[in-house]
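Notes follow the structure.
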Amino acid sequence: MVHKLFIDGEWVESTSGKTFKSFNPATGKKLGEVQSGNKKDVDKAVKAACNAFDEWRLTPPPERGDVLLEVAGLLEENKQRLGELVTREMGKQISEGKGDVQEAIDIFKYMAGEGRRLLGHTTTSELENKFAMTVKRPVGPSGLITPWNFPIAIPAWKLSPALICGNSVVFKPASGTPLCAVELVKILEEAGVSSGVVNLVTGSGSNVGTPMVEHPDLKSISFTGSRKVGKLISRKAGLKNVGLELGGKNPIIVMDDANLDLAVEGAIWGGFGTTGQRCTAASRVIVHEDVEQEFMDKFVEETKKLSVGNGMECDIGPLINEDAVEKTEYYIQKGKEEGAELVIGGEKREGLFFDPTIFTNVEPNMAIAQEEIFGPVVSVLTASSLEEAIEIANGVDYGLSTSIYTENVSKAFNAIRDLDAGLTYVNSSTIGSEVHLPFGGVKKTGNGTREAGIEGVEEFTETKTVYVDYSGQLQKAQGID
Ligand code: NAD
């Protein structure tokens, strides 16, 4: 079956007449086929979003919230089926596949509640009989562009705040995981989202993404993906509101007083969970020199226990595609050339599978300690103090997630204060966001927007300042006569 585009409440074929296939990265088998959208399809979808905008904007937010709650309920009913689809299409381990759907359920529920908040503020006026407040308005028809690694959750992180704030959207999912997007949009349709409010255009970054970014009638672009594409988008988007959630090179610091068993569990989960294909993956571990040997022994021992294979049965699923395998191989070769010591892994298996890999003797300036690999590769670095560990942790371009394992409250709070990142975990891995707290990074991980939490609505709203003068006379601010 060839899945269609969803434009103005109808499932339609692309004007390109072309389609592309989605494959299971674990088996190489074809899962389905979708439309190869193009600029004409984008134009139609934007037109539909513009036409639907006023009615949706004027729908009371609690009513919009009811629709979001309906979406959450339908996702819950379909969690098993969708979780399996996530694993089949993206490759992650099955409980993580279901976790992807759970995250979407959580954010739709959470944002439904925003329909009864969307808080502005009231404040004083410098003049008598004058009232001052702010209100939130939707930013306007918005473009949502998402990656493949959380194929249900990340679209949900964008769709739910965009919709609760009263925006209509054009949604372009990653080409690696279009079927998850189709299923999610079917659920939005079933939940009763009005025609034109949500439009889905599948297709490539250049044929669909670029026309969206350049379209004059889309008022905002919310993008999650690589730094390379993020930079391109910020150049092309002109004066649109742009939200950029980009990559990471996230460190776990393990201090000499840490609970090492716990730290090892965190390093395994952070480094190899989702086969390292998370923006928050712990691709660096910075260990205090006094406990390095003990930590390494345990880390390697636990890594050996991980099973690699189809995510339906194994701990470590496949990488998403050949490019990802090549990229991982490139960095492993680079690490060896730069003098790091390969302790375990480093081997590609048949298909898109890769053994969990650990390097030691890594220097902070090596490519494997600086650049996002997005595969199951962990670089272990050594530090002799908390200060040095924090300096190494901060010594990269990215600033998404960070973690410290210590039993010392003062060290923990020093790290919370000094780590340059959007997230810091204490005695937990770099992974584990909850939807009622904001998510996002500093430095080159993005442009400062935050998703989820109460901050999550900022990206999709404008603040209007309102003055109501009930004095019956012209009053001038700043003491002007
Ligand atoms: P990607 O940048 O290759 O693609 C992301 C999306 O952008 C896809 O839908 C793609 O088709 C589209 N795209 C590609 N070229 C485009 C263009 N010229 N104009 C407009 N759109 C275009 O990223 P990916 O490989 O899908 O995802 C992996 C990256 O995403 C990693 O760097 C990861 O760290 C990052 N990521 C970040 C977060 C976060 O919240 N910070 C979360 C998940 C993933």
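Residue numbering restarts at 1 for every chain of the structure tokens, chains are lettered A, B, ... in their displayed order, and ligands are numbered from 1 as they appear.
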
What's the 10 Å shell around stretch 325-331 of chain A, counting only C-alpha atoms, without same-chain residues fewer than 5 positions away, as a list in words?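 Residues meeting the cut-off are Pro318, Leu319, Ile320, Lys336, Glu337, Gly346, Glu347, Lys348, Arg349, Gly351, Leu352, Phe353, Phe354, Thr357, Ala367, Ile368, Glu371, Glu372, Ile373, Phe374, Gly375, Pro376 and Val377 of chain A.
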
As a ChimeraX atom specification, please: every protein or nucleic acid residue near ligand 1 (cut-off 9 Å, counting only C-alpha atoms and all ligand atoms). /A:144-150,154,172-176,202-213,223-230,232-233,236,244-249,277-281,320,324,372-374,400,439-441,445-446,450-451

Once you count only C-alpha atoms, what closest atom pair and distance in Å to one decimal does each residue of stretch 163-279 of chain A within 7 Å of stretch 64-80 of chain A have, with rows by chain and rising residue number, as a tab-separated table?
residue	atom	partner	partner_atom	distance
A:Ile164	CA	A:Arg64	CA	5.8
A:Ile187	CA	A:Val71	CA	6.4
A:Leu188	CA	A:Val71	CA	5.9
A:Ala191	CA	A:Glu70	CA	5.4
A:Gly192	CA	A:Val67	CA	6.6
A:Val193	CA	A:Val67	CA	6.7

Using the selection just defined, write its residues with all heavy atoms as a PDB file, in the first residue's frame.
ATOM      1  N   ILE A 164      -2.182  23.380  20.681  1.00  0.00           N
ATOM      2  CA  ILE A 164      -2.879  23.953  21.842  1.00  0.00           C
ATOM      3  C   ILE A 164      -2.805  25.484  21.804  1.00  0.00           C
ATOM      4  O   ILE A 164      -3.714  26.172  22.268  1.00  0.00           O
ATOM      5  CB  ILE A 164      -2.320  23.393  23.185  1.00  0.00           C
ATOM      6  CG1 ILE A 164      -3.346  23.621  24.303  1.00  0.00           C
ATOM      7  CG2 ILE A 164      -1.000  24.014  23.601  1.00  0.00           C
ATOM      8  CD1 ILE A 164      -4.629  22.883  24.137  1.00  0.00           C
ATOM      9  N   ILE A 187      -4.164   9.249  13.657  1.00  0.00           N
ATOM     10  CA  ILE A 187      -4.751   9.361  15.004  1.00  0.00           C
ATOM     11  C   ILE A 187      -5.260  10.787  15.248  1.00  0.00           C
ATOM     12  O   ILE A 187      -6.342  10.982  15.817  1.00  0.00           O
ATOM     13  CB  ILE A 187      -3.724   8.890  16.061  1.00  0.00           C
ATOM     14  CG1 ILE A 187      -3.779   7.360  16.082  1.00  0.00           C
ATOM     15  CG2 ILE A 187      -3.992   9.490  17.440  1.00  0.00           C
ATOM     16  CD1 ILE A 187      -2.874   6.667  17.035  1.00  0.00           C
ATOM     17  N   LEU A 188      -4.519  11.773  14.774  1.00  0.00           N
ATOM     18  CA  LEU A 188      -4.993  13.160  14.916  1.00  0.00           C
ATOM     19  C   LEU A 188      -6.307  13.354  14.144  1.00  0.00           C
ATOM     20  O   LEU A 188      -7.231  14.016  14.606  1.00  0.00           O
ATOM     21  CB  LEU A 188      -3.928  14.130  14.396  1.00  0.00           C
ATOM     22  CG  LEU A 188      -2.732  14.297  15.339  1.00  0.00           C
ATOM     23  CD1 LEU A 188      -1.463  14.645  14.589  1.00  0.00           C
ATOM     24  CD2 LEU A 188      -3.014  15.367  16.381  1.00  0.00           C
ATOM     25  N   ALA A 191      -9.086  11.761  16.013  1.00  0.00           N
ATOM     26  CA  ALA A 191      -9.427  12.524  17.223  1.00  0.00           C
ATOM     27  C   ALA A 191     -10.272  13.750  16.905  1.00  0.00           C
ATOM     28  O   ALA A 191     -10.791  14.405  17.813  1.00  0.00           O
ATOM     29  CB  ALA A 191      -8.146  12.944  17.943  1.00  0.00           C
ATOM     30  N   GLY A 192     -10.388  14.088  15.619  1.00  0.00           N
ATOM     31  CA  GLY A 192     -11.285  15.183  15.240  1.00  0.00           C
ATOM     32  C   GLY A 192     -10.600  16.514  14.980  1.00  0.00           C
ATOM     33  O   GLY A 192     -11.248  17.561  15.032  1.00  0.00           O
ATOM     34  N   VAL A 193      -9.303  16.496  14.716  1.00  0.00           N
ATOM     35  CA  VAL A 193      -8.634  17.758  14.348  1.00  0.00           C
ATOM     36  C   VAL A 193      -9.252  18.247  13.038  1.00  0.00           C
ATOM     37  O   VAL A 193      -9.386  17.485  12.080  1.00  0.00           O
ATOM     38  CB  VAL A 193      -7.110  17.525  14.164  1.00  0.00           C
ATOM     39  CG1 VAL A 193      -6.436  18.784  13.643  1.00  0.00           C
ATOM     40  CG2 VAL A 193      -6.479  17.094  15.478  1.00  0.00           C
TER      41      VAL A 193
END

For the atom pair atom CA of A:Gly196 and atom CA of A:Asp100, what is the interatomic distance in Å to one decimal place?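 Atom-to-atom, atom CA of A:Gly196 and atom CA of A:Asp100 are spaced 26.2 Å apart.
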
Min atom-atom distance to A:Arg117 from the set A:Pro141, A:Ala104, A:Ser168, A:Pro61, counting only C-alpha atoms, belongs to A:Pro61

From the DSSP assignment of the backbone, select every residue of stretch 31-144 of chain A that is strand (DSSP E or B), and format the answer as a list in words.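 Reading the DSSP output for stretch 31-144 of chain A, strand (DSSP E or B) covers Leu31, Gly32, Glu33, Val34, Gln35, Thr122, Thr123, Lys130, Phe131, Ala132, Met133, Thr134, Val135, Lys136, Arg137, Pro138, Ser142, Gly143 and Leu144 of chain A.
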
Let's have the selection written as a CSV table (one decimal), in the first residue's frame, with all heavy atoms.
chain,number,residue,atom,x,y,z
A,31,LEU,N,8.8,-2.0,4.4
A,31,LEU,CA,7.7,-1.9,5.4
A,31,LEU,C,6.5,-1.2,4.7
A,31,LEU,O,5.3,-1.4,5.1
A,31,LEU,CB,8.0,-1.1,6.6
A,31,LEU,CG,9.0,-1.7,7.6
A,31,LEU,CD1,9.4,-0.7,8.6
A,31,LEU,CD2,8.5,-2.9,8.2
A,32,GLY,N,6.8,-0.3,3.8
A,32,GLY,CA,5.7,0.4,3.1
A,32,GLY,C,6.2,1.5,2.2
A,32,GLY,O,7.4,1.6,2.0
A,33,GLU,N,5.3,2.2,1.6
A,33,GLU,CA,5.7,3.2,0.6
A,33,GLU,C,4.9,4.5,0.9
A,33,GLU,O,3.7,4.4,1.2
A,33,GLU,CB,5.4,2.6,-0.8
A,33,GLU,CG,6.3,3.0,-1.8
A,33,GLU,CD,6.2,2.1,-3.1
A,33,GLU,OE1,5.9,0.9,-2.9
A,33,GLU,OE2,6.3,2.7,-4.2
A,34,VAL,N,5.5,5.6,0.7
A,34,VAL,CA,4.9,6.9,0.9
A,34,VAL,C,5.1,7.8,-0.3
A,34,VAL,O,6.0,7.6,-1.1
A,34,VAL,CB,5.3,7.6,2.2
A,34,VAL,CG1,4.9,6.8,3.4
A,34,VAL,CG2,6.8,7.8,2.2
A,35,GLN,N,4.4,8.9,-0.3
A,35,GLN,CA,4.6,9.9,-1.4
A,35,GLN,C,5.9,10.7,-1.3
A,35,GLN,O,6.2,11.1,-0.2
A,35,GLN,CB,3.4,10.9,-1.3
A,35,GLN,CG,2.0,10.3,-1.3
A,35,GLN,CD,1.7,9.6,-2.7
A,35,GLN,OE1,2.0,10.2,-3.7
A,35,GLN,NE2,1.1,8.4,-2.6
A,122,THR,N,-0.5,39.8,34.6
A,122,THR,CA,-1.0,41.2,34.9
A,122,THR,C,0.0,41.9,35.7
A,122,THR,O,0.7,41.3,36.5
A,122,THR,CB,-2.4,41.2,35.6
A,122,THR,OG1,-2.2,40.5,36.8
A,122,THR,CG2,-3.4,40.5,34.8
A,123,THR,N,0.1,43.2,35.6
A,123,THR,CA,1.0,43.9,36.4
A,123,THR,C,0.5,45.3,36.7
A,123,THR,O,-0.7,45.6,36.3
A,123,THR,CB,2.4,43.9,35.7
A,123,THR,OG1,3.3,44.6,36.6
A,123,THR,CG2,2.4,44.7,34.4
A,130,LYS,N,-5.5,52.6,35.0
A,130,LYS,CA,-5.0,52.0,33.8
A,130,LYS,C,-4.6,50.5,34.2
A,130,LYS,O,-4.0,50.3,35.2
A,130,LYS,CB,-3.8,52.8,33.3
A,130,LYS,CG,-3.4,52.4,31.9
A,130,LYS,CD,-2.3,53.3,31.4
A,130,LYS,CE,-1.7,52.8,30.1
A,130,LYS,NZ,-0.5,53.5,29.7
A,131,PHE,N,-4.9,49.6,33.3
A,131,PHE,CA,-4.7,48.2,33.6
A,131,PHE,C,-3.7,47.6,32.6
A,131,PHE,O,-3.8,48.0,31.4
A,131,PHE,CB,-6.1,47.5,33.5
A,131,PHE,CG,-6.0,46.0,33.9
A,131,PHE,CD1,-6.3,45.6,35.2
A,131,PHE,CD2,-5.8,45.0,32.9
A,131,PHE,CE1,-6.3,44.3,35.5
A,131,PHE,CE2,-5.8,43.7,33.3
A,131,PHE,CZ,-6.1,43.3,34.6
A,132,ALA,N,-2.8,46.8,33.1
A,132,ALA,CA,-1.7,46.3,32.1
A,132,ALA,C,-1.6,44.8,32.3
A,132,ALA,O,-1.6,44.2,33.4
A,132,ALA,CB,-0.4,46.9,32.5
A,133,MET,N,-1.5,44.1,31.1
A,133,MET,CA,-1.4,42.7,31.1
A,133,MET,C,-0.8,42.2,29.8
A,133,MET,O,-0.6,42.9,28.9
A,133,MET,CB,-2.8,42.0,31.3
A,133,MET,CG,-3.7,42.2,30.1
A,133,MET,SD,-5.3,41.5,30.3
A,133,MET,CE,-6.3,42.3,29.1
A,134,THR,N,-0.4,40.9,29.8
A,134,THR,CA,0.1,40.3,28.5
A,134,THR,C,-0.8,39.1,28.2
A,134,THR,O,-1.4,38.4,29.1
A,134,THR,CB,1.5,39.8,28.6
A,134,THR,OG1,1.6,38.7,29.6
A,134,THR,CG2,2.5,40.9,29.0
A,135,VAL,N,-1.0,38.9,26.9
A,135,VAL,CA,-1.8,37.7,26.5
A,135,VAL,C,-0.9,37.0,25.4
A,135,VAL,O,-0.1,37.6,24.8
A,135,VAL,CB,-3.2,38.0,25.9
A,135,VAL,CG1,-4.1,38.6,27.0
A,135,VAL,CG2,-3.0,39.0,24.7
A,136,LYS,N,-1.2,35.7,25.3
A,136,LYS,CA,-0.4,34.9,24.3
A,136,LYS,C,-1.3,34.7,23.1
A,136,LYS,O,-2.5,34.3,23.2
A,136,LYS,CB,-0.1,33.5,24.9
A,136,LYS,CG,1.0,33.5,26.0
A,136,LYS,CD,1.9,32.4,25.9
A,136,LYS,CE,3.2,32.5,26.6
A,136,LYS,NZ,3.2,33.2,27.8
A,137,ARG,N,-0.7,34.9,21.9
A,137,ARG,CA,-1.4,34.7,20.7
A,137,ARG,C,-0.6,33.6,19.9
A,137,ARG,O,0.6,33.6,19.9
A,137,ARG,CB,-1.4,36.0,19.9
A,137,ARG,CG,-1.9,37.1,20.6
A,137,ARG,CD,-1.9,38.4,19.7
A,137,ARG,NE,-3.0,38.4,18.8
A,137,ARG,CZ,-2.8,38.7,17.5
A,137,ARG,NH1,-1.6,39.0,17.0
A,137,ARG,NH2,-3.8,38.7,16.7
A,138,PRO,N,-1.3,32.8,19.1
A,138,PRO,CA,-0.6,31.9,18.2
A,138,PRO,C,0.3,32.6,17.3
A,138,PRO,O,0.0,33.7,16.8
A,138,PRO,CB,-1.7,31.1,17.5
A,138,PRO,CG,-2.9,32.0,17.6
A,138,PRO,CD,-2.8,32.8,18.9
A,142,SER,N,2.5,27.1,11.0
A,142,SER,CA,3.9,26.7,11.4
A,142,SER,C,4.3,25.5,10.7
A,142,SER,O,3.5,24.6,10.4
A,142,SER,CB,4.0,26.4,12.9
A,142,SER,OG,3.6,27.6,13.6
A,143,GLY,N,5.6,25.4,10.4
A,143,GLY,CA,6.2,24.2,9.8
A,143,GLY,C,7.0,23.4,10.8
A,143,GLY,O,7.7,24.0,11.6
A,144,LEU,N,6.7,22.1,10.8
A,144,LEU,CA,7.4,21.2,11.8
A,144,LEU,C,8.3,20.2,11.0
A,144,LEU,O,7.7,19.5,10.1
A,144,LEU,CB,6.4,20.5,12.6
A,144,LEU,CG,5.2,21.3,13.2
A,144,LEU,CD1,4.2,20.3,13.9
A,144,LEU,CD2,5.6,22.4,14.1

Atom CA of A:Ile221 and atom CA of A:Leu119 are how many Å apart? 22.7 Å

Rank nothing, just name the residue among A:Leu419, A:Ala389, A:Ile268, A:Leu218 nearest to A:Glu289, using only C-alpha atoms. A:Ala389

Atom CA of A:Gly317 sits from atom CA of A:Gly28 at a separation of 12.9 Å

Residues within 10 Å of A:Glu455, please, as a PyMOL selection string. Count only C-alpha atoms; anything in the same chain fewer than 6 positions from it doesn't count. chain A and resi 161+436-439+449

Could you save those same residues with C-alpha atoms as a PDB file, in the first residue's frame?
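Saved to selection.pdb:
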ATOM      1  CA  PRO A 161       2.196  22.737  21.764  1.00  0.00           C
ATOM      2  CA  HIS A 436       6.528  18.629  32.189  1.00  0.00           C
ATOM      3  CA  LEU A 437      10.080  19.996  32.317  1.00  0.00           C
ATOM      4  CA  PRO A 438      11.690  22.038  29.563  1.00  0.00           C
ATOM      5  CA  PHE A 439      14.111  20.385  27.151  1.00  0.00           C
ATOM      6  CA  THR A 449      14.237  27.523  22.380  1.00  0.00           C
TER       7      THR A 449
END

Given the choices A:Glu126, A:Glu292, A:Glu89, A:Glu350, which gets closest to A:Met255 if the distance is worked out from only C-alpha atoms? A:Glu292

Determine the nearest neighbour of A:Arg235 from the options A:Thr19, A:Glu214, A:Gly472, A:Ser283, counting only C-alpha atoms. A:Glu214

Can you list, as an mmCIF file with all heavy atoms, in the first residue's frame, every protein, DNA or RNA residue that comes within 7 Å of A:Val435 when you count only C-alpha atoms, leaving out same-chain residues fewer than 4 positions away?
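Everything below was put into around-v9.cif:
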data_model
loop_
_atom_site.group_PDB
_atom_site.id
_atom_site.type_symbol
_atom_site.label_atom_id
_atom_site.label_comp_id
_atom_site.auth_asym_id
_atom_site.auth_seq_id
_atom_site.Cartn_x
_atom_site.Cartn_y
_atom_site.Cartn_z
ATOM 1 N N ASP A 106 2.200 11.284 26.933
ATOM 2 C CA ASP A 106 2.441 12.220 28.046
ATOM 3 C C ASP A 106 2.364 13.674 27.590
ATOM 4 O O ASP A 106 1.750 14.513 28.242
ATOM 5 C CB ASP A 106 3.815 11.952 28.675
ATOM 6 C CG ASP A 106 3.898 10.593 29.346
ATOM 7 O OD1 ASP A 106 2.833 10.007 29.630
ATOM 8 O OD2 ASP A 106 5.030 10.119 29.599
ATOM 9 N N ILE A 107 2.989 13.967 26.445
ATOM 10 C CA ILE A 107 3.037 15.383 26.035
ATOM 11 C C ILE A 107 1.660 15.848 25.545
ATOM 12 O O ILE A 107 1.265 16.990 25.790
ATOM 13 C CB ILE A 107 4.153 15.661 24.990
ATOM 14 C CG1 ILE A 107 4.388 17.165 24.789
ATOM 15 C CG2 ILE A 107 3.868 15.031 23.645
ATOM 16 C CD1 ILE A 107 5.324 17.800 25.714
ATOM 17 N N ALA A 452 8.626 21.293 25.437
ATOM 18 C CA ALA A 452 7.986 20.688 26.612
ATOM 19 C C ALA A 452 7.950 21.668 27.799
ATOM 20 O O ALA A 452 8.498 22.766 27.726
ATOM 21 C CB ALA A 452 8.673 19.389 27.000
ATOM 22 N N GLY A 453 7.291 21.223 28.868
ATOM 23 C CA GLY A 453 7.162 22.078 30.047
ATOM 24 C C GLY A 453 6.380 23.354 29.730
ATOM 25 O O GLY A 453 5.918 23.541 28.609
#
